[in-house]
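A quick write-up on the structure given underneath.
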Amino acid sequence: MRLRSGQIVQRGQHDMLQINEKRVEQAQSMKFPLDGGIESQSSWCVSFHLSLRKNRELLSECLELFHQNMADMYAASSWGLNMKSKRGEFRHLHARFLIVRSPEGKVVAFCHFRFCMIDEAAVLYVYELQVRESARGCGHGRRLMTLMEDIAFKTGMSKIVLTVFKSNIKAIGFYSKAMNYSIDADSPSRLGEDDDYEIMSKEMLYNM
């Protein structure tokens, strides 16, 4: 039986959807998403962690850093500040973390991310990128986001997506200028909606 062009397109879309779902499932099951580990730079140590639900001390440190950096911005936003909800995000089964520690063992930066499906595409979603004020200017943010790209590439994600408040001018500048992110097609501003945040993204380019 010969398939019509429309049927071929539908079958191709269905096959791609299954492929992307499988990629997300495989990425979520990985105990460590990078070959060869993470090379330490200077005296700073970067480590990978699954959900923080079983590590109360690390959970507390990351929540403290989030609150220190973002409490005022969240409180002034349409989302509001809900630390109970944020704790739940950090403890979610599919939450993944890259955490930077100082030589003394203190958390100075972290990235919370997940693998998920958005509009039938497999993506790496960056939920949080937080750097302690005293450790800024040391390249931690750039390094963590570069590792995000390495992980997205390794796991076959189509792009990296993140959300940033419009009022967070420094963050928008960092993502757009230093990391080459752009406003995503699904961002509220692109859809004519007047929300207080933007969705930014970066496509992963693969050599076919």
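FYI, nothing fancy with the structure tokens labels: chains A, B, ... in order, residues from 1 per chain, ligands from 1 as they appear.
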
Within 8 Å of range 83-95 of chain A, counting only C-alpha atoms, which residues show up once you throw out same-chain ones fewer than 5 positions away? Write them as a ChimeraX atom specification, please. /A:28,50-53,59,63,112-115

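Residues within 12 Å of Cys138 in chain A, counting only C-alpha atoms and excluding same-chain residues fewer than 4 positions away, are Gln41, Ser42, Ser43, Trp44, Val100, Ser102, Val108, Ala109, Val131, Arg132, Glu133, Ser134, Arg142, Arg143 and Leu144 of chain A.
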
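Among the candidates A:Thr163, A:Asn82, A:Ser201, A:Gln26, the one nearest to Tyr181 in chain A when counting only C-alpha atoms is A:Ser201.
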
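Among the candidates A:Tyr206, A:Tyr125, A:Phe174, A:Phe165, the residue lying nearest to Ser77 in chain A is A:Phe165 (atoms considered: only C-alpha atoms).
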
Non-local contacts of Pro188 in chain A (9 Å; only C-alpha atoms; under 5 positions in same chain excluded) as a VMD selection string: chain A and resid 193 to 199

Could you write out that same residue set with all heavy atoms as a compact mmCIF listing (two decimals), in the first residue's frame?
# COMPACT_ATOMS: atom_id res chain seq x y z
N GLU A 193 1.60 39.21 24.35
CA GLU A 193 1.10 39.22 25.72
C GLU A 193 2.02 40.06 26.62
O GLU A 193 3.23 40.05 26.45
CB GLU A 193 1.01 37.79 26.25
CG GLU A 193 0.09 36.90 25.43
CD GLU A 193 0.17 35.44 25.83
OE1 GLU A 193 0.94 35.12 26.77
OE2 GLU A 193 -0.52 34.61 25.21
N ASP A 194 1.43 40.76 27.55
CA ASP A 194 2.18 41.69 28.41
C ASP A 194 2.46 41.05 29.76
O ASP A 194 1.90 41.43 30.79
CB ASP A 194 1.41 42.99 28.59
CG ASP A 194 2.23 44.04 29.33
OD1 ASP A 194 3.47 43.94 29.29
OD2 ASP A 194 1.63 44.94 29.95
N ASP A 195 3.34 40.04 29.78
CA ASP A 195 3.74 39.40 31.02
C ASP A 195 5.08 39.97 31.50
O ASP A 195 5.76 40.67 30.76
CB ASP A 195 3.86 37.89 30.83
CG ASP A 195 2.49 37.21 30.79
OD1 ASP A 195 1.72 37.40 31.74
OD2 ASP A 195 2.21 36.50 29.82
N ASP A 196 5.46 39.65 32.74
CA ASP A 196 6.67 40.22 33.31
C ASP A 196 7.88 39.31 33.17
O ASP A 196 8.87 39.46 33.87
CB ASP A 196 6.47 40.60 34.78
CG ASP A 196 5.94 39.45 35.63
OD1 ASP A 196 5.82 38.33 35.09
OD2 ASP A 196 5.65 39.67 36.82
N TYR A 197 7.83 38.36 32.25
CA TYR A 197 8.96 37.46 32.03
C TYR A 197 9.11 37.17 30.54
O TYR A 197 8.19 37.36 29.74
CB TYR A 197 8.78 36.15 32.79
CG TYR A 197 7.62 35.31 32.30
CD1 TYR A 197 7.82 34.32 31.32
CD2 TYR A 197 6.33 35.48 32.80
CE1 TYR A 197 6.76 33.55 30.85
CE2 TYR A 197 5.28 34.72 32.35
CZ TYR A 197 5.49 33.75 31.37
OH TYR A 197 4.45 33.00 30.91
N GLU A 198 10.29 36.71 30.19
CA GLU A 198 10.57 36.27 28.83
C GLU A 198 11.00 34.80 28.87
O GLU A 198 11.58 34.33 29.86
CB GLU A 198 11.71 37.08 28.19
CG GLU A 198 11.41 38.54 27.98
CD GLU A 198 10.55 38.82 26.74
OE1 GLU A 198 9.98 37.86 26.16
OE2 GLU A 198 10.44 39.99 26.38
N ILE A 199 10.71 34.07 27.80
CA ILE A 199 11.26 32.74 27.60
C ILE A 199 12.38 32.87 26.58
O ILE A 199 12.17 33.42 25.50
CB ILE A 199 10.18 31.76 27.09
CG1 ILE A 199 9.06 31.62 28.12
CG2 ILE A 199 10.80 30.39 26.81
CD1 ILE A 199 7.88 30.80 27.63

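With only C-alpha atoms as the atoms that count, the residue of A:Leu98, A:Met73, A:Trp79, A:Met204 with the shortest distance to Gly156 in chain A is A:Met204.
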
As a PDB file with N, CA and C atoms, in the first residue's frame, please: every residue in range 17-186 of chain A that a backbone DSSP assignment puts in helix (DSSP H, G or I).
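Final output, result-v7.pdb:
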ATOM      1  N   LEU A  17       8.068  12.236  17.269  1.00  0.00           N
ATOM      2  CA  LEU A  17       7.563  12.415  18.629  1.00  0.00           C
ATOM      3  C   LEU A  17       8.021  11.262  19.514  1.00  0.00           C
ATOM      4  N   GLN A  18       7.929  10.048  19.021  1.00  0.00           N
ATOM      5  CA  GLN A  18       8.362   8.893  19.789  1.00  0.00           C
ATOM      6  C   GLN A  18       9.867   8.928  20.046  1.00  0.00           C
ATOM      7  N   ILE A  19      10.630   9.357  19.052  1.00  0.00           N
ATOM      8  CA  ILE A  19      12.084   9.472  19.211  1.00  0.00           C
ATOM      9  C   ILE A  19      12.417  10.483  20.301  1.00  0.00           C
ATOM     10  N   ASN A  20      11.750  11.636  20.279  1.00  0.00           N
ATOM     11  CA  ASN A  20      12.021  12.678  21.265  1.00  0.00           C
ATOM     12  C   ASN A  20      11.599  12.250  22.665  1.00  0.00           C
ATOM     13  N   GLU A  21      10.472  11.577  22.765  1.00  0.00           N
ATOM     14  CA  GLU A  21      10.032  11.082  24.071  1.00  0.00           C
ATOM     15  C   GLU A  21      11.036  10.084  24.627  1.00  0.00           C
ATOM     16  N   LYS A  22      11.580   9.248  23.752  1.00  0.00           N
ATOM     17  CA  LYS A  22      12.581   8.269  24.164  1.00  0.00           C
ATOM     18  C   LYS A  22      13.854   8.964  24.626  1.00  0.00           C
ATOM     19  N   ARG A  23      14.246  10.039  23.933  1.00  0.00           N
ATOM     20  CA  ARG A  23      15.437  10.790  24.323  1.00  0.00           C
ATOM     21  C   ARG A  23      15.277  11.382  25.711  1.00  0.00           C
ATOM     22  N   VAL A  24      14.118  11.937  25.980  1.00  0.00           N
ATOM     23  CA  VAL A  24      13.857  12.515  27.309  1.00  0.00           C
ATOM     24  C   VAL A  24      13.877  11.418  28.369  1.00  0.00           C
ATOM     25  N   GLU A  25      13.231  10.309  28.076  1.00  0.00           N
ATOM     26  CA  GLU A  25      13.198   9.189  29.022  1.00  0.00           C
ATOM     27  C   GLU A  25      14.605   8.678  29.327  1.00  0.00           C
ATOM     28  N   GLN A  26      15.431   8.549  28.293  1.00  0.00           N
ATOM     29  CA  GLN A  26      16.800   8.068  28.488  1.00  0.00           C
ATOM     30  C   GLN A  26      17.629   9.083  29.271  1.00  0.00           C
ATOM     31  N   ALA A  27      17.452  10.371  28.967  1.00  0.00           N
ATOM     32  CA  ALA A  27      18.198  11.409  29.672  1.00  0.00           C
ATOM     33  C   ALA A  27      17.832  11.435  31.150  1.00  0.00           C
ATOM     34  N   GLN A  28      16.550  11.263  31.441  1.00  0.00           N
ATOM     35  CA  GLN A  28      16.096  11.272  32.835  1.00  0.00           C
ATOM     36  C   GLN A  28      16.642  10.087  33.622  1.00  0.00           C
ATOM     37  N   SER A  29      16.946   8.999  32.930  1.00  0.00           N
ATOM     38  CA  SER A  29      17.418   7.795  33.607  1.00  0.00           C
ATOM     39  C   SER A  29      18.934   7.779  33.797  1.00  0.00           C
ATOM     40  N   LEU A  52      17.214  16.691  44.981  1.00  0.00           N
ATOM     41  CA  LEU A  52      17.774  16.947  46.303  1.00  0.00           C
ATOM     42  C   LEU A  52      16.881  16.442  47.426  1.00  0.00           C
ATOM     43  N   ARG A  53      15.923  15.580  47.101  1.00  0.00           N
ATOM     44  CA  ARG A  53      14.972  15.137  48.120  1.00  0.00           C
ATOM     45  C   ARG A  53      15.635  14.347  49.246  1.00  0.00           C
ATOM     46  N   LYS A  54      16.793  13.724  48.983  1.00  0.00           N
ATOM     47  CA  LYS A  54      17.458  12.916  50.003  1.00  0.00           C
ATOM     48  C   LYS A  54      18.674  13.606  50.612  1.00  0.00           C
ATOM     49  N   ARG A  56      19.202  16.835  52.597  1.00  0.00           N
ATOM     50  CA  ARG A  56      18.601  17.993  53.257  1.00  0.00           C
ATOM     51  C   ARG A  56      19.562  19.174  53.375  1.00  0.00           C
ATOM     52  N   GLU A  57      20.825  18.875  53.660  1.00  0.00           N
ATOM     53  CA  GLU A  57      21.802  19.951  53.828  1.00  0.00           C
ATOM     54  C   GLU A  57      22.015  20.707  52.515  1.00  0.00           C
ATOM     55  N   LEU A  58      22.174  19.977  51.425  1.00  0.00           N
ATOM     56  CA  LEU A  58      22.377  20.609  50.130  1.00  0.00           C
ATOM     57  C   LEU A  58      21.109  21.336  49.677  1.00  0.00           C
ATOM     58  N   LEU A  59      19.960  20.736  49.938  1.00  0.00           N
ATOM     59  CA  LEU A  59      18.689  21.379  49.628  1.00  0.00           C
ATOM     60  C   LEU A  59      18.576  22.708  50.349  1.00  0.00           C
ATOM     61  N   SER A  60      18.921  22.726  51.620  1.00  0.00           N
ATOM     62  CA  SER A  60      18.846  23.943  52.418  1.00  0.00           C
ATOM     63  C   SER A  60      19.780  25.025  51.886  1.00  0.00           C
ATOM     64  N   GLU A  61      20.997  24.641  51.506  1.00  0.00           N
ATOM     65  CA  GLU A  61      21.957  25.609  50.982  1.00  0.00           C
ATOM     66  C   GLU A  61      21.484  26.220  49.669  1.00  0.00           C
ATOM     67  N   CYS A  62      20.938  25.387  48.791  1.00  0.00           N
ATOM     68  CA  CYS A  62      20.476  25.887  47.495  1.00  0.00           C
ATOM     69  C   CYS A  62      19.248  26.779  47.657  1.00  0.00           C
ATOM     70  N   LEU A  63      18.350  26.412  48.553  1.00  0.00           N
ATOM     71  CA  LEU A  63      17.179  27.246  48.813  1.00  0.00           C
ATOM     72  C   LEU A  63      17.592  28.586  49.410  1.00  0.00           C
ATOM     73  N   GLU A  64      18.584  28.551  50.297  1.00  0.00           N
ATOM     74  CA  GLU A  64      19.076  29.792  50.913  1.00  0.00           C
ATOM     75  C   GLU A  64      19.666  30.725  49.861  1.00  0.00           C
ATOM     76  N   LEU A  65      20.439  30.164  48.924  1.00  0.00           N
ATOM     77  CA  LEU A  65      21.042  30.975  47.872  1.00  0.00           C
ATOM     78  C   LEU A  65      19.969  31.529  46.939  1.00  0.00           C
ATOM     79  N   PHE A  66      18.985  30.694  46.594  1.00  0.00           N
ATOM     80  CA  PHE A  66      17.867  31.175  45.773  1.00  0.00           C
ATOM     81  C   PHE A  66      17.161  32.340  46.452  1.00  0.00           C
ATOM     82  N   HIS A  67      16.850  32.172  47.740  1.00  0.00           N
ATOM     83  CA  HIS A  67      16.124  33.216  48.470  1.00  0.00           C
ATOM     84  C   HIS A  67      16.950  34.499  48.534  1.00  0.00           C
ATOM     85  N   GLN A  68      18.228  34.371  48.766  1.00  0.00           N
ATOM     86  CA  GLN A  68      19.114  35.527  48.846  1.00  0.00           C
ATOM     87  C   GLN A  68      19.116  36.306  47.534  1.00  0.00           C
ATOM     88  N   ASN A  69      19.148  35.593  46.423  1.00  0.00           N
ATOM     89  CA  ASN A  69      19.238  36.247  45.119  1.00  0.00           C
ATOM     90  C   ASN A  69      17.896  36.707  44.545  1.00  0.00           C
ATOM     91  N   MET A  70      16.838  35.928  44.794  1.00  0.00           N
ATOM     92  CA  MET A  70      15.615  36.118  44.026  1.00  0.00           C
ATOM     93  C   MET A  70      14.367  36.479  44.813  1.00  0.00           C
ATOM     94  N   ALA A  71      14.421  36.492  46.132  1.00  0.00           N
ATOM     95  CA  ALA A  71      13.203  36.710  46.939  1.00  0.00           C
ATOM     96  C   ALA A  71      12.490  38.002  46.557  1.00  0.00           C
ATOM     97  N   ASP A  72      13.220  39.106  46.501  1.00  0.00           N
ATOM     98  CA  ASP A  72      12.596  40.400  46.191  1.00  0.00           C
ATOM     99  C   ASP A  72      12.003  40.413  44.793  1.00  0.00           C
ATOM    100  N   MET A  73      12.715  39.824  43.835  1.00  0.00           N
ATOM    101  CA  MET A  73      12.247  39.825  42.449  1.00  0.00           C
ATOM    102  C   MET A  73      10.985  38.987  42.293  1.00  0.00           C
ATOM    103  N   TYR A  74      10.956  37.822  42.950  1.00  0.00           N
ATOM    104  CA  TYR A  74       9.761  36.975  42.898  1.00  0.00           C
ATOM    105  C   TYR A  74       8.587  37.648  43.602  1.00  0.00           C
ATOM    106  N   ALA A  75       8.851  38.260  44.759  1.00  0.00           N
ATOM    107  CA  ALA A  75       7.784  38.890  45.532  1.00  0.00           C
ATOM    108  C   ALA A  75       7.124  40.018  44.746  1.00  0.00           C
ATOM    109  N   MET A  83       8.199  29.767  48.844  1.00  0.00           N
ATOM    110  CA  MET A  83       9.358  28.915  49.116  1.00  0.00           C
ATOM    111  C   MET A  83       8.963  27.444  49.263  1.00  0.00           C
ATOM    112  N   LYS A  84       7.739  27.178  49.707  1.00  0.00           N
ATOM    113  CA  LYS A  84       7.283  25.790  49.801  1.00  0.00           C
ATOM    114  C   LYS A  84       7.228  25.165  48.412  1.00  0.00           C
ATOM    115  N   SER A  85       6.716  25.942  47.446  1.00  0.00           N
ATOM    116  CA  SER A  85       6.653  25.468  46.071  1.00  0.00           C
ATOM    117  C   SER A  85       8.050  25.280  45.491  1.00  0.00           C
ATOM    118  N   LYS A  86       8.947  26.208  45.798  1.00  0.00           N
ATOM    119  CA  LYS A  86      10.319  26.113  45.303  1.00  0.00           C
ATOM    120  C   LYS A  86      11.016  24.883  45.892  1.00  0.00           C
ATOM    121  N   ARG A  87      10.781  24.620  47.155  1.00  0.00           N
ATOM    122  CA  ARG A  87      11.344  23.415  47.778  1.00  0.00           C
ATOM    123  C   ARG A  87      10.858  22.171  47.038  1.00  0.00           C
ATOM    124  N   GLY A  88       9.575  22.175  46.669  1.00  0.00           N
ATOM    125  CA  GLY A  88       9.019  21.052  45.931  1.00  0.00           C
ATOM    126  C   GLY A  88       9.682  20.882  44.571  1.00  0.00           C
ATOM    127  N   GLU A  89       9.995  21.999  43.912  1.00  0.00           N
ATOM    128  CA  GLU A  89      10.694  21.941  42.626  1.00  0.00           C
ATOM    129  C   GLU A  89      12.066  21.297  42.784  1.00  0.00           C
ATOM    130  N   PHE A  90      12.792  21.698  43.813  1.00  0.00           N
ATOM    131  CA  PHE A  90      14.140  21.179  44.032  1.00  0.00           C
ATOM    132  C   PHE A  90      14.121  19.696  44.407  1.00  0.00           C
ATOM    133  N   GLU A 133      26.575  36.278  45.397  1.00  0.00           N
ATOM    134  CA  GLU A 133      27.090  37.610  45.061  1.00  0.00           C
ATOM    135  C   GLU A 133      28.599  37.709  45.252  1.00  0.00           C
ATOM    136  N   SER A 134      29.105  37.116  46.311  1.00  0.00           N
ATOM    137  CA  SER A 134      30.537  37.198  46.607  1.00  0.00           C
ATOM    138  C   SER A 134      31.392  36.407  45.611  1.00  0.00           C
ATOM    139  N   ALA A 135      30.761  35.523  44.823  1.00  0.00           N
ATOM    140  CA  ALA A 135      31.500  34.691  43.876  1.00  0.00           C
ATOM    141  C   ALA A 135      31.256  35.095  42.433  1.00  0.00           C
ATOM    142  N   HIS A 140      31.526  31.456  36.951  1.00  0.00           N
ATOM    143  CA  HIS A 140      30.707  30.301  37.315  1.00  0.00           C
ATOM    144  C   HIS A 140      29.450  30.177  36.445  1.00  0.00           C
ATOM    145  N   GLY A 141      28.791  31.306  36.208  1.00  0.00           N
ATOM    146  CA  GLY A 141      27.578  31.273  35.396  1.00  0.00           C
ATOM    147  C   GLY A 141      27.857  30.798  33.982  1.00  0.00           C
ATOM    148  N   ARG A 142      28.892  31.332  33.375  1.00  0.00           N
ATOM    149  CA  ARG A 142      29.238  30.935  32.016  1.00  0.00           C
ATOM    150  C   ARG A 142      29.609  29.452  31.958  1.00  0.00           C
ATOM    151  N   ARG A 143      30.366  29.001  32.951  1.00  0.00           N
ATOM    152  CA  ARG A 143      30.782  27.601  32.945  1.00  0.00           C
ATOM    153  C   ARG A 143      29.587  26.661  33.106  1.00  0.00           C
ATOM    154  N   LEU A 144      28.682  26.991  34.018  1.00  0.00           N
ATOM    155  CA  LEU A 144      27.510  26.142  34.213  1.00  0.00           C
ATOM    156  C   LEU A 144      26.640  26.096  32.959  1.00  0.00           C
ATOM    157  N   MET A 145      26.463  27.244  32.294  1.00  0.00           N
ATOM    158  CA  MET A 145      25.651  27.260  31.086  1.00  0.00           C
ATOM    159  C   MET A 145      26.353  26.553  29.926  1.00  0.00           C
ATOM    160  N   THR A 146      27.680  26.586  29.907  1.00  0.00           N
ATOM    161  CA  THR A 146      28.418  25.832  28.895  1.00  0.00           C
ATOM    162  C   THR A 146      28.248  24.338  29.134  1.00  0.00           C
ATOM    163  N   LEU A 147      28.262  23.936  30.398  1.00  0.00           N
ATOM    164  CA  LEU A 147      28.014  22.533  30.727  1.00  0.00           C
ATOM    165  C   LEU A 147      26.586  22.131  30.361  1.00  0.00           C
ATOM    166  N   MET A 148      25.635  23.061  30.479  1.00  0.00           N
ATOM    167  CA  MET A 148      24.270  22.786  30.040  1.00  0.00           C
ATOM    168  C   MET A 148      24.249  22.435  28.559  1.00  0.00           C
ATOM    169  N   GLU A 149      25.022  23.165  27.770  1.00  0.00           N
ATOM    170  CA  GLU A 149      25.088  22.892  26.333  1.00  0.00           C
ATOM    171  C   GLU A 149      25.723  21.531  26.069  1.00  0.00           C
ATOM    172  N   ASP A 150      26.760  21.208  26.819  1.00  0.00           N
ATOM    173  CA  ASP A 150      27.406  19.905  26.664  1.00  0.00           C
ATOM    174  C   ASP A 150      26.414  18.776  26.975  1.00  0.00           C
ATOM    175  N   ILE A 151      25.645  18.953  28.035  1.00  0.00           N
ATOM    176  CA  ILE A 151      24.676  17.937  28.438  1.00  0.00           C
ATOM    177  C   ILE A 151      23.547  17.825  27.423  1.00  0.00           C
ATOM    178  N   ALA A 152      23.050  18.981  26.955  1.00  0.00           N
ATOM    179  CA  ALA A 152      21.978  18.974  25.954  1.00  0.00           C
ATOM    180  C   ALA A 152      22.435  18.275  24.682  1.00  0.00           C
ATOM    181  N   PHE A 153      23.675  18.535  24.272  1.00  0.00           N
ATOM    182  CA  PHE A 153      24.211  17.914  23.070  1.00  0.00           C
ATOM    183  C   PHE A 153      24.381  16.409  23.268  1.00  0.00           C
ATOM    184  N   LYS A 154      24.921  16.037  24.420  1.00  0.00           N
ATOM    185  CA  LYS A 154      25.168  14.629  24.717  1.00  0.00           C
ATOM    186  C   LYS A 154      23.876  13.824  24.722  1.00  0.00           C
ATOM    187  N   THR A 155      22.794  14.404  25.215  1.00  0.00           N
ATOM    188  CA  THR A 155      21.532  13.690  25.364  1.00  0.00           C
ATOM    189  C   THR A 155      20.583  13.879  24.181  1.00  0.00           C
ATOM    190  N   ILE A 169      17.599  42.671  34.179  1.00  0.00           N
ATOM    191  CA  ILE A 169      18.324  43.152  33.005  1.00  0.00           C
ATOM    192  C   ILE A 169      19.698  42.489  32.874  1.00  0.00           C
ATOM    193  N   LYS A 170      20.405  42.323  33.975  1.00  0.00           N
ATOM    194  CA  LYS A 170      21.739  41.722  33.925  1.00  0.00           C
ATOM    195  C   LYS A 170      21.666  40.283  33.411  1.00  0.00           C
ATOM    196  N   ALA A 171      20.667  39.526  33.877  1.00  0.00           N
ATOM    197  CA  ALA A 171      20.533  38.135  33.440  1.00  0.00           C
ATOM    198  C   ALA A 171      20.217  38.061  31.954  1.00  0.00           C
ATOM    199  N   ILE A 172      19.305  38.908  31.490  1.00  0.00           N
ATOM    200  CA  ILE A 172      18.958  38.922  30.068  1.00  0.00           C
ATOM    201  C   ILE A 172      20.187  39.257  29.230  1.00  0.00           C
ATOM    202  N   GLY A 173      20.978  40.235  29.689  1.00  0.00           N
ATOM    203  CA  GLY A 173      22.196  40.590  28.979  1.00  0.00           C
ATOM    204  C   GLY A 173      23.197  39.449  28.944  1.00  0.00           C
ATOM    205  N   PHE A 174      23.318  38.730  30.058  1.00  0.00           N
ATOM    206  CA  PHE A 174      24.237  37.596  30.120  1.00  0.00           C
ATOM    207  C   PHE A 174      23.825  36.509  29.139  1.00  0.00           C
ATOM    208  N   TYR A 175      22.544  36.140  29.164  1.00  0.00           N
ATOM    209  CA  TYR A 175      22.089  35.061  28.290  1.00  0.00           C
ATOM    210  C   TYR A 175      22.177  35.447  26.810  1.00  0.00           C
ATOM    211  N   SER A 176      21.795  36.675  26.495  1.00  0.00           N
ATOM    212  CA  SER A 176      21.761  37.075  25.087  1.00  0.00           C
ATOM    213  C   SER A 176      23.144  37.401  24.533  1.00  0.00           C
ATOM    214  N   LYS A 177      23.970  38.093  25.304  1.00  0.00           N
ATOM    215  CA  LYS A 177      25.263  38.545  24.789  1.00  0.00           C
ATOM    216  C   LYS A 177      26.391  37.543  25.044  1.00  0.00           C
ATOM    217  N   ALA A 178      26.453  37.011  26.245  1.00  0.00           N
ATOM    218  CA  ALA A 178      27.547  36.097  26.582  1.00  0.00           C
ATOM    219  C   ALA A 178      27.288  34.675  26.106  1.00  0.00           C
TER     220      ALA A 178
END

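Note that CA of Ile183 in chain A and CA of Cys111 in chain A are 20.1 Å apart.
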
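Note that CA of Asp184 in chain A and CA of Met200 in chain A are 4.9 Å apart.
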
Using DSSP secondary structure from the backbone, list all strand (DSSP E) positions within range 9-187 of chain A, as number ranges by chain. A: 45-49, 96-101, 107-118, 121-131, 159-165, 182-183

Any idea what the distance is between CA of Asn180 in chain A and CA of Glu120 in chain A? 23.6 Å
